[in-house]
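This report concerns only the one structure given below.
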Amino acid sequence: MSLRLEGVRWSVAGRSILDGVTATAPGARLTGLLGPNGAGKSSLLRAVSGVLTPDAGVVTLDGTDLLTLARRERARRVALVEQEAAATVPLTVSEAVLVGRTPHASRWGAMAAGDDAAVAAAIAEAGVADLADRSLATLSGGERQRAHLARALAQEPQLLLLDEPTNHLDVHARIELLDLLGRLTDRGVTVVAALHDLNLAAAACDHVILLDAGRVAAEGTVDQVLRPEVLEPVYRVHCHVLTHPVTGRPVLTFS
Amino acid sequence: MHVAAQSSARRLAGLALVVAVSAPLTACAGAVSAAEPSSSPASPASPATTAPSADAYPITLDNCGFDVTFTQAPQRVVTIKSSTTEMLLALGVGDRIVGTGFPDGPVPPEYTAAAADLPVLSDRVPSSEVVLEAEPDLVYAGWESTLSADGAGDRATLADLGVATYVSPSACKDPAYQPARLTFDGVFDEITEIAGVLGVPAAAEALVAEQRTALADLAPDDRGLTALWYSSGTDIPYVGAGIGAPQMIMDAVGLTNIAAGVTDTWASFSWEQVAADDPDVIVLVDAAWNSAEAKRELLATNPATANLTAVLNERYLVVPFAATEAGVRNVPAAVDLAGQLAALDLG
Amino acid sequence: MTARAVRRPVATGVLLAVAAVLLAVSVTVAVTIGPADLAPLDVWRSVADHLGALGGSGPAEPALGVLRDGIVWEIRLPRVLTAAAVGAGLAVAGGVMQGLTRNPLADPYLLGLSSGASLGAVAVLVLGVGVLLPVAAFAGAVVAMVAALSLAGSLGRLTPARTILAGLAVAQLCAAGTSFVIFWSATGDSYREILAWLMGSLAGADWPAVAIAGGAVIVLGTGLALQGRTLDAFAFGDTAASALGIDVNRTRWTMLTVVALLTGALVAVSGSIGFVGLILPHAVRLVVGAGHRRLLPLSALLGATFLVWADTAARTVFEPRELPVGIVTAFLGAPVFALLLWRRRSAAGDLA
C-alpha cells in the first residue's frame, strides 16, 4: 500500500504552502516526514487525509486516486492523528475510540457489525485498556495521545498519518509508540509520521522525506538523507553524524 | 461568553417590558386616594358654595404622595388620557383645555361638539417639550406613569417651572394611596376634588347629584347571574378582577364577577377556569385596538370557549374602554350595561 | 468476544425505555391537573371516548357534559401534548447546537432565531392580527436564520465561532427592532401579550399547535437525533471530523438549517421558552455522559417530561391566574441544575 504523491500544490491567501511535492512512502513501512517549522509537513498530511484539497497534484494509495475518492471511502483507508489533539472532548476513551468507526457506519449511524471488535482491538493495541472508562479530559497528555491513536486505529486504516506523535510522550512512551508503529507496519499498514526529532527518525524510520519550504529537498533511506550536506542547508545548523554502535543507524548531533 | 450575552440581552428586553407593563398596570388600578390626610377647604365634607370664591384658595393636596398647591383656579390645562379630558368637559370647563394626549377613544356623543376643536398634542404620551410648549398651568393625568421624565415630565421639575400636576387619585401607584376597593363614592370624591381645584365646585355638585340619582334608580339585577369581564388577551385572557372599576360596575349592575376572588384591579386569568365557571353573561370591553367584535369572533372560534353557554347563546354586554377607567363615564356605563342586561334574552 | 472494551454502565435501551415510561406517566397525570375540578377517572374516560370516536365508532354524548369535556379535550390535552413536543424539540435542538458549535452555552436560539421570531410576533401582536402569530413568528425565525447563516458564510468557512458571532449580530438587530416596535406602537393591552410571548407560554395551545410542534419534532427532531455519531466526531474538531470522512461544512450547514426550522416551528407555537434547550442536554450529560447517540434521544424524552411538569406548574401554582411557562422553566431548572452539578462535582470537569 505505497503512498505516491506527484506535484501536490496548495496555497492559501496567496501564500504557497505546498509547492509541487513529489515523493513516495513505501507500503508497510514507517516513513518519516521531516523538515523545519513551516516546511509544510502538517499541510501535506492534511492534504493526504482529505482535510484540505490541494490545488493541483495527484495522491494515490496503492494505485487508488485518493483525491477523487468519496470522503467516507477515503476515511476507511486513511487515518490521521493530529498534533494538537483536542483536550476538551467530553467523551470517555471507549466512546472516543468508537468515533473512529464513523467512516464504517451506515447512513443512519447504526452500529456496524465489526464495531465492537474493532474498538476492542484498537484499545488493546494502543495500550489504553485500563483507561477505557476514563474521560479524555482527565488523562495526561501522553495518555490522551494514545487514546487518539486508538481512535485512528479503530478506523482500520491502510495508511496511518501521524503529526508529531511524540510531542507529549516521555522516553518510555516514545519507545512504546515506535514499537507499536513497528507492529503496524509488520501487519501491512503504511505509516507516515511527521517528526521534528531527527534522531528518532534516524532510529525508527525505514524511509524519510525531507521537506523544505513546500518542496521535497531529499528523499530516501535514513543513511541517504540524514547527512550533514543534506540537512545543513535545510535546518541551517551544523550537524555531525555518528553511527550507533549497536543498531548501526545514524546518530545526529547539532551545533 | 457571547452566547450568554445574547441570552441576557433577551432577558433584559423581557425585564424592560416587565417594568413597562407594571407601570400602566398599576396605574390602571382603579383606586381612589385615601381621604387626603391634609383636608382641603374644598373637601366633600363642606357644602359647596354657589360660585368659586377667592377664599377657596390656596388649595394644598397630597396627590398620590406628591404635594400640590393651587393658588388660583388653573386656566390652561393639558389632559392626558380620555378620562381626564372628559372630566373637564363634564364639568363644563372644556374651554380651559389647551392640549390633550393619549386618548382612549372618541368622547361620548354629548361632548363631541365641544371636543371637536381640542388640540391633540399626541396619540401617545406627549413629551415634556410638547407639553410645555402649550404653556399649561396644570397637567391632569389619568395614569401616574405618564408623569415621568421621559413622558410628559417629572412632577417636581414641572412644579419648579410653575406647572401644577394632578393625577387621578384612583390611578395612584403607591399602595398607600390605592383603595382596597374602588367604589362610586370614591369616584364621586374624585370628581368633587378636581372640581374644587378647578374652581367649579357647583358643577361637580350638580354632576355628582345627577349621577347619584341615576345610580339610585338603577336596580341591580337580582337573578344572581355570573359574568366574565373580558378586557383583552387571546391565549391568556385579561379580565376585570376584584377591586377595580369592573368590579364596581358589575356590583352596581348586579352581576357576580367570576374573577372577584382575585385581589387586583385587572388580572390575567385562564380559559380553563372560565370554562369551569361557565359565566351566564360575558362583558366585552370595546377598544379601538381590540374591539368587542374581535373578541366575539375569538370566543366563537376558539374550541376551548366555543361551547360556553354565554357564547353559544350570544349573551354579550358591551362597554367602551374609556368607561372602564374611574371617571365621569362609570355611572352611565353601569346604567347602559343594566339596560343591555335587561334586554338580553336569557331563556 | 472476550475483552469488552466498550462497557456502558447502563444499557442505552434501558435508559430510553425508562425515560419513555416516565414521559407517558407524566402526560397521563398532567392532563388530570388543572384549575377546574375534574376527577382523574372522568378525565381519562373523556380522552378514551374521544380516541374511540377517532377510531370511527361515532362520537357519543360526552359523559362530562360538553363544556367540561371541552376542558379536557380542547384545553388540557392539546396543551400537555404541545408541552411534550416543544420540550423534546428544544432539548434536542439545544444538544445539537452545543455539539455543532462545541460551545456549552449554545442553545436552540443561537442563530438569532428567538429574536427574529419575537420581531415577527411582536409586529403582528401590535398590528392586532394575532391570528397570524405562528406564521409571523416562524417567518421571523427563518429570516433571522438566513441572515445569520449568510453572514457567517460570507466570512469564509462556517466555523463555530463565526456561527455564534453572526447569530449574535442578527439577534441584537432583531431585538432592537422588537424594542422599537413595542415602544412605538404598543398599547397597555398588547404589552401583556408581548411579554407572555417573549417569556414563552403554552396557553392557547390547540390541536393545530400539537400538529405543528409534534410534526416538527417527529420529522426534524428524529432526523437530528440520528446524527449522534456525526456530532461525536465534531467534538474532536473540524480537522478530525474531516479526516473521519465527514463533509464538515455541508454537514454543519444542513444541521444548522434543520435545527433552525425545528426551533422556528416550536417558537411559532409557544414563544421563546428559555432554559430547556440550554440546560437539559447538560443535565443529561452529567448523568449519562456526552455520547450523542444516547444524549439526544434521552434529552428529547426528558425535555418533554420537564416541560410538561413546568407547564402544569405554570397553570396551577397561582390558579386561576396563569404564568408564562418560560418563567417557571427558569425558576425550576436553575436550582435543579445547580444540584446536579454539585452532586456530580467530579464529573463536572467534563463539561469544560
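Identifiers for the C-alpha cells are assigned positionally: chains receive A, B, ... in sequence, residues are indexed from 1 per chain, and ligands are indexed from 1 in the order shown.
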
All helix (DSSP H, G or I) residues (DSSP, backbone) inside range 19-52 of chain A, as JSON, numbers by chain: {"A": [41, 42, 43, 44, 45, 46, 47, 48, 49]}

Just the selected residues (C-alpha atoms), exported as a tab-separated table (two decimals), in the first residue's frame, please.
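Writing the result to again.tsv gives the following:
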```tsv
chain	number	residue	atom	x	y	z
A	41	LYS	CA	4.52	18.82	6.94
A	42	SER	CA	1.14	19.25	8.61
A	43	SER	CA	-0.38	20.62	5.45
A	44	LEU	CA	0.84	17.69	3.48
A	45	LEU	CA	-0.67	15.24	5.94
A	46	ARG	CA	-3.95	17.12	5.79
A	47	ALA	CA	-3.89	17.06	2.02
A	48	VAL	CA	-3.44	13.30	2.02
A	49	SER	CA	-6.17	12.72	4.62
```

Selection near Ala260 in chain C, 12 Å with only C-alpha atoms, sequence-local residues under 2 positions removed, as number ranges by chain: C: 89-90, 92-94, 96-97, 107-114, 116-117, 138-149, 167, 216, 220-221, 224, 252-258, 262-268

Would you put the residues from that selection into a file with C-alpha atoms, as a PDB file, in the first residue's frame?
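Saved as out_7.pdb:
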```pdb
ATOM      1  CA  GLY C  89     -37.718  19.564  20.314  1.00  0.00           C
ATOM      2  CA  LEU C  90     -35.954  22.280  22.277  1.00  0.00           C
ATOM      3  CA  VAL C  92     -32.703  18.018  21.017  1.00  0.00           C
ATOM      4  CA  ALA C  93     -32.081  21.297  19.235  1.00  0.00           C
ATOM      5  CA  GLY C  94     -30.045  22.544  22.171  1.00  0.00           C
ATOM      6  CA  VAL C  96     -27.258  19.542  18.624  1.00  0.00           C
ATOM      7  CA  MET C  97     -26.308  23.213  18.752  1.00  0.00           C
ATOM      8  CA  ASP C 107     -28.917  26.954  22.787  1.00  0.00           C
ATOM      9  CA  PRO C 108     -31.516  26.456  20.062  1.00  0.00           C
ATOM     10  CA  TYR C 109     -31.920  30.192  19.604  1.00  0.00           C
ATOM     11  CA  LEU C 110     -28.282  30.684  18.661  1.00  0.00           C
ATOM     12  CA  LEU C 111     -28.829  31.913  15.142  1.00  0.00           C
ATOM     13  CA  GLY C 112     -30.884  34.793  16.387  1.00  0.00           C
ATOM     14  CA  LEU C 113     -33.961  32.610  15.966  1.00  0.00           C
ATOM     15  CA  SER C 114     -35.889  33.714  19.011  1.00  0.00           C
ATOM     16  CA  GLY C 116     -36.269  37.055  14.765  1.00  0.00           C
ATOM     17  CA  ALA C 117     -39.389  35.208  15.811  1.00  0.00           C
ATOM     18  CA  PHE C 138     -41.916  31.238  12.056  1.00  0.00           C
ATOM     19  CA  ALA C 139     -41.201  33.618   9.199  1.00  0.00           C
ATOM     20  CA  GLY C 140     -39.227  35.840  11.550  1.00  0.00           C
ATOM     21  CA  ALA C 141     -37.185  32.888  12.744  1.00  0.00           C
ATOM     22  CA  VAL C 142     -36.438  31.750   9.204  1.00  0.00           C
ATOM     23  CA  VAL C 143     -35.429  35.227   8.079  1.00  0.00           C
ATOM     24  CA  ALA C 144     -33.110  35.517  11.071  1.00  0.00           C
ATOM     25  CA  MET C 145     -31.613  32.128  10.284  1.00  0.00           C
ATOM     26  CA  VAL C 146     -30.995  33.038   6.662  1.00  0.00           C
ATOM     27  CA  ALA C 147     -29.438  36.333   7.696  1.00  0.00           C
ATOM     28  CA  ALA C 148     -27.216  34.713  10.311  1.00  0.00           C
ATOM     29  CA  LEU C 149     -26.069  31.859   8.100  1.00  0.00           C
ATOM     30  CA  GLY C 167     -26.148  34.745  15.291  1.00  0.00           C
ATOM     31  CA  ALA C 216     -41.687  19.161  13.515  1.00  0.00           C
ATOM     32  CA  LEU C 220     -36.927  17.073  12.025  1.00  0.00           C
ATOM     33  CA  GLY C 221     -36.146  16.096  15.582  1.00  0.00           C
ATOM     34  CA  LEU C 224     -31.320  15.221  14.212  1.00  0.00           C
ATOM     35  CA  ARG C 252     -22.830  21.964   9.590  1.00  0.00           C
ATOM     36  CA  TRP C 253     -24.950  23.997   7.182  1.00  0.00           C
ATOM     37  CA  THR C 254     -27.504  21.248   6.903  1.00  0.00           C
ATOM     38  CA  MET C 255     -27.793  20.601  10.600  1.00  0.00           C
ATOM     39  CA  LEU C 256     -27.976  24.286  11.472  1.00  0.00           C
ATOM     40  CA  THR C 257     -30.761  24.724   8.965  1.00  0.00           C
ATOM     41  CA  VAL C 258     -32.700  21.759  10.300  1.00  0.00           C
ATOM     42  CA  LEU C 262     -37.371  22.866  14.074  1.00  0.00           C
ATOM     43  CA  THR C 263     -36.847  25.695  16.552  1.00  0.00           C
ATOM     44  CA  GLY C 264     -38.786  28.076  14.333  1.00  0.00           C
ATOM     45  CA  ALA C 265     -41.765  25.748  14.350  1.00  0.00           C
ATOM     46  CA  LEU C 266     -41.607  25.364  18.112  1.00  0.00           C
ATOM     47  CA  VAL C 267     -41.215  29.070  18.742  1.00  0.00           C
ATOM     48  CA  ALA C 268     -44.126  29.790  16.438  1.00  0.00           C
TER      49      ALA C 268
END
```

Exercise: range 159-163 of chain A partners within 6 Å, only C-alpha atoms, chain neighbours under 2 positions left out, as a VMD selection string: chain A and resid 78 to 83 157 165 189 to 194

Residues of chain A within 8 Å of chain C, counting only C-alpha atoms, as a ChimeraX atom specification: /A:46,49-51,71-76,78-82,85-86,88-91,94-96,99-100,102-103,108-109,116-117,119-120,123,129,132-133,135,137

Grab the residues selected above and save them as a compact mmCIF listing (two decimals), in the first residue's frame with N, CA and C atoms.
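Written output follows (again.txt):
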```
# COMPACT_ATOMS: atom_id res chain seq x y z
N ARG A 46 -2.54 16.77 5.95
CA ARG A 46 -3.95 17.12 5.79
C ARG A 46 -4.41 16.93 4.35
N SER A 49 -5.01 13.26 3.89
CA SER A 49 -6.17 12.72 4.62
C SER A 49 -7.47 13.35 4.19
N GLY A 50 -7.40 14.34 3.31
CA GLY A 50 -8.64 14.91 2.78
C GLY A 50 -9.17 16.09 3.56
N VAL A 51 -8.45 16.53 4.58
CA VAL A 51 -8.93 17.68 5.34
C VAL A 51 -8.86 18.93 4.49
N ARG A 71 -15.41 10.99 0.49
CA ARG A 71 -14.81 11.22 1.80
C ARG A 71 -14.82 9.99 2.68
N ARG A 72 -15.97 9.38 2.77
CA ARG A 72 -16.09 8.21 3.65
C ARG A 72 -15.14 7.11 3.22
N GLU A 73 -15.10 6.91 1.89
CA GLU A 73 -14.23 5.87 1.37
C GLU A 73 -12.80 6.15 1.75
N ARG A 74 -12.41 7.40 1.60
CA ARG A 74 -11.04 7.75 1.93
C ARG A 74 -10.78 7.52 3.41
N ALA A 75 -11.77 7.92 4.24
CA ALA A 75 -11.58 7.78 5.68
C ALA A 75 -11.50 6.32 6.11
N ARG A 76 -11.98 5.41 5.28
CA ARG A 76 -11.86 4.00 5.63
C ARG A 76 -10.46 3.47 5.37
N VAL A 78 -7.60 5.86 5.20
CA VAL A 78 -6.58 6.77 5.71
C VAL A 78 -7.03 7.33 7.05
N ALA A 79 -6.15 7.24 8.04
CA ALA A 79 -6.47 7.82 9.35
C ALA A 79 -5.41 8.83 9.72
N LEU A 80 -5.84 9.89 10.40
CA LEU A 80 -4.92 10.97 10.77
C LEU A 80 -4.96 11.18 12.28
N VAL A 81 -3.76 11.26 12.88
CA VAL A 81 -3.70 11.64 14.28
C VAL A 81 -3.05 13.01 14.34
N GLU A 82 -3.78 13.98 14.84
CA GLU A 82 -3.29 15.35 14.78
C GLU A 82 -2.24 15.64 15.82
N ALA A 85 -4.04 17.31 19.74
CA ALA A 85 -5.30 16.58 19.88
C ALA A 85 -6.21 17.35 20.82
N ALA A 86 -7.46 17.43 20.44
CA ALA A 86 -8.42 18.21 21.23
C ALA A 86 -8.46 17.73 22.67
N THR A 88 -10.56 19.03 25.11
CA THR A 88 -11.80 19.26 25.83
C THR A 88 -12.94 18.38 25.34
N VAL A 89 -12.61 17.25 24.77
CA VAL A 89 -13.68 16.37 24.30
C VAL A 89 -14.29 15.66 25.51
N PRO A 90 -15.58 15.79 25.70
CA PRO A 90 -16.19 15.25 26.93
C PRO A 90 -16.57 13.77 26.85
N LEU A 91 -15.82 13.00 26.11
CA LEU A 91 -16.18 11.59 25.96
C LEU A 91 -15.23 10.71 26.76
N SER A 94 -13.45 4.91 25.61
CA SER A 94 -14.19 3.96 24.77
C SER A 94 -15.05 4.67 23.75
N GLU A 95 -15.77 5.70 24.22
CA GLU A 95 -16.64 6.44 23.30
C GLU A 95 -15.81 7.11 22.22
N ALA A 96 -14.65 7.65 22.63
CA ALA A 96 -13.80 8.33 21.67
C ALA A 96 -13.30 7.35 20.61
N VAL A 99 -15.73 6.58 17.98
CA VAL A 99 -15.87 7.60 16.94
C VAL A 99 -15.03 7.24 15.74
N GLY A 100 -13.92 6.55 15.98
CA GLY A 100 -13.08 6.14 14.87
C GLY A 100 -13.80 5.23 13.89
N THR A 102 -16.66 5.82 12.67
CA THR A 102 -17.62 6.62 11.90
C THR A 102 -17.57 6.35 10.40
N PRO A 103 -16.38 6.26 9.79
CA PRO A 103 -16.38 6.05 8.34
C PRO A 103 -17.01 4.72 7.94
N TRP A 108 -27.45 5.91 8.54
CA TRP A 108 -28.18 6.43 9.68
C TRP A 108 -27.46 6.21 10.99
N GLY A 109 -26.17 5.94 10.92
CA GLY A 109 -25.40 5.89 12.14
C GLY A 109 -25.54 4.62 12.94
N ASP A 116 -17.70 -3.24 17.60
CA ASP A 116 -17.21 -3.59 18.94
C ASP A 116 -15.84 -4.26 18.88
N ALA A 117 -15.70 -5.17 17.96
CA ALA A 117 -14.43 -5.89 17.84
C ALA A 117 -13.30 -4.95 17.48
N VAL A 119 -13.12 -1.76 17.96
CA VAL A 119 -12.82 -0.86 19.07
C VAL A 119 -11.98 -1.58 20.12
N ALA A 120 -12.38 -2.77 20.45
CA ALA A 120 -11.62 -3.54 21.45
C ALA A 120 -10.19 -3.76 20.99
N ILE A 123 -8.19 -0.48 21.14
CA ILE A 123 -7.86 -0.11 22.51
C ILE A 123 -6.73 -0.96 23.04
N ALA A 129 -6.29 0.08 27.50
CA ALA A 129 -7.40 -0.73 28.03
C ALA A 129 -7.79 -0.33 29.44
N ALA A 132 -10.12 2.78 29.63
CA ALA A 132 -11.27 2.74 28.73
C ALA A 132 -12.47 3.56 29.22
N ASP A 133 -12.73 3.56 30.54
CA ASP A 133 -13.92 4.28 31.01
C ASP A 133 -13.59 5.66 31.54
N SER A 135 -12.68 9.63 31.35
CA SER A 135 -12.96 10.72 30.44
C SER A 135 -11.65 11.27 29.88
N ALA A 137 -10.79 14.16 29.26
CA ALA A 137 -10.32 15.38 29.91
C ALA A 137 -9.48 15.10 31.14
```

Phe254 in chain A surroundings by only C-alpha atoms, 10 Å radius, close-in-sequence under 4 positions cut, as an MDAnalysis selection string: chainID A and resid 228 232 237:241

Using only C-alpha atoms: which of A:Ala147, A:Ala154, A:Ala105, A:Val216 has the shortest distance to Asp130 in chain A: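 Ranked by minimum distance to Asp130 in chain A, first place goes to A:Ala147.
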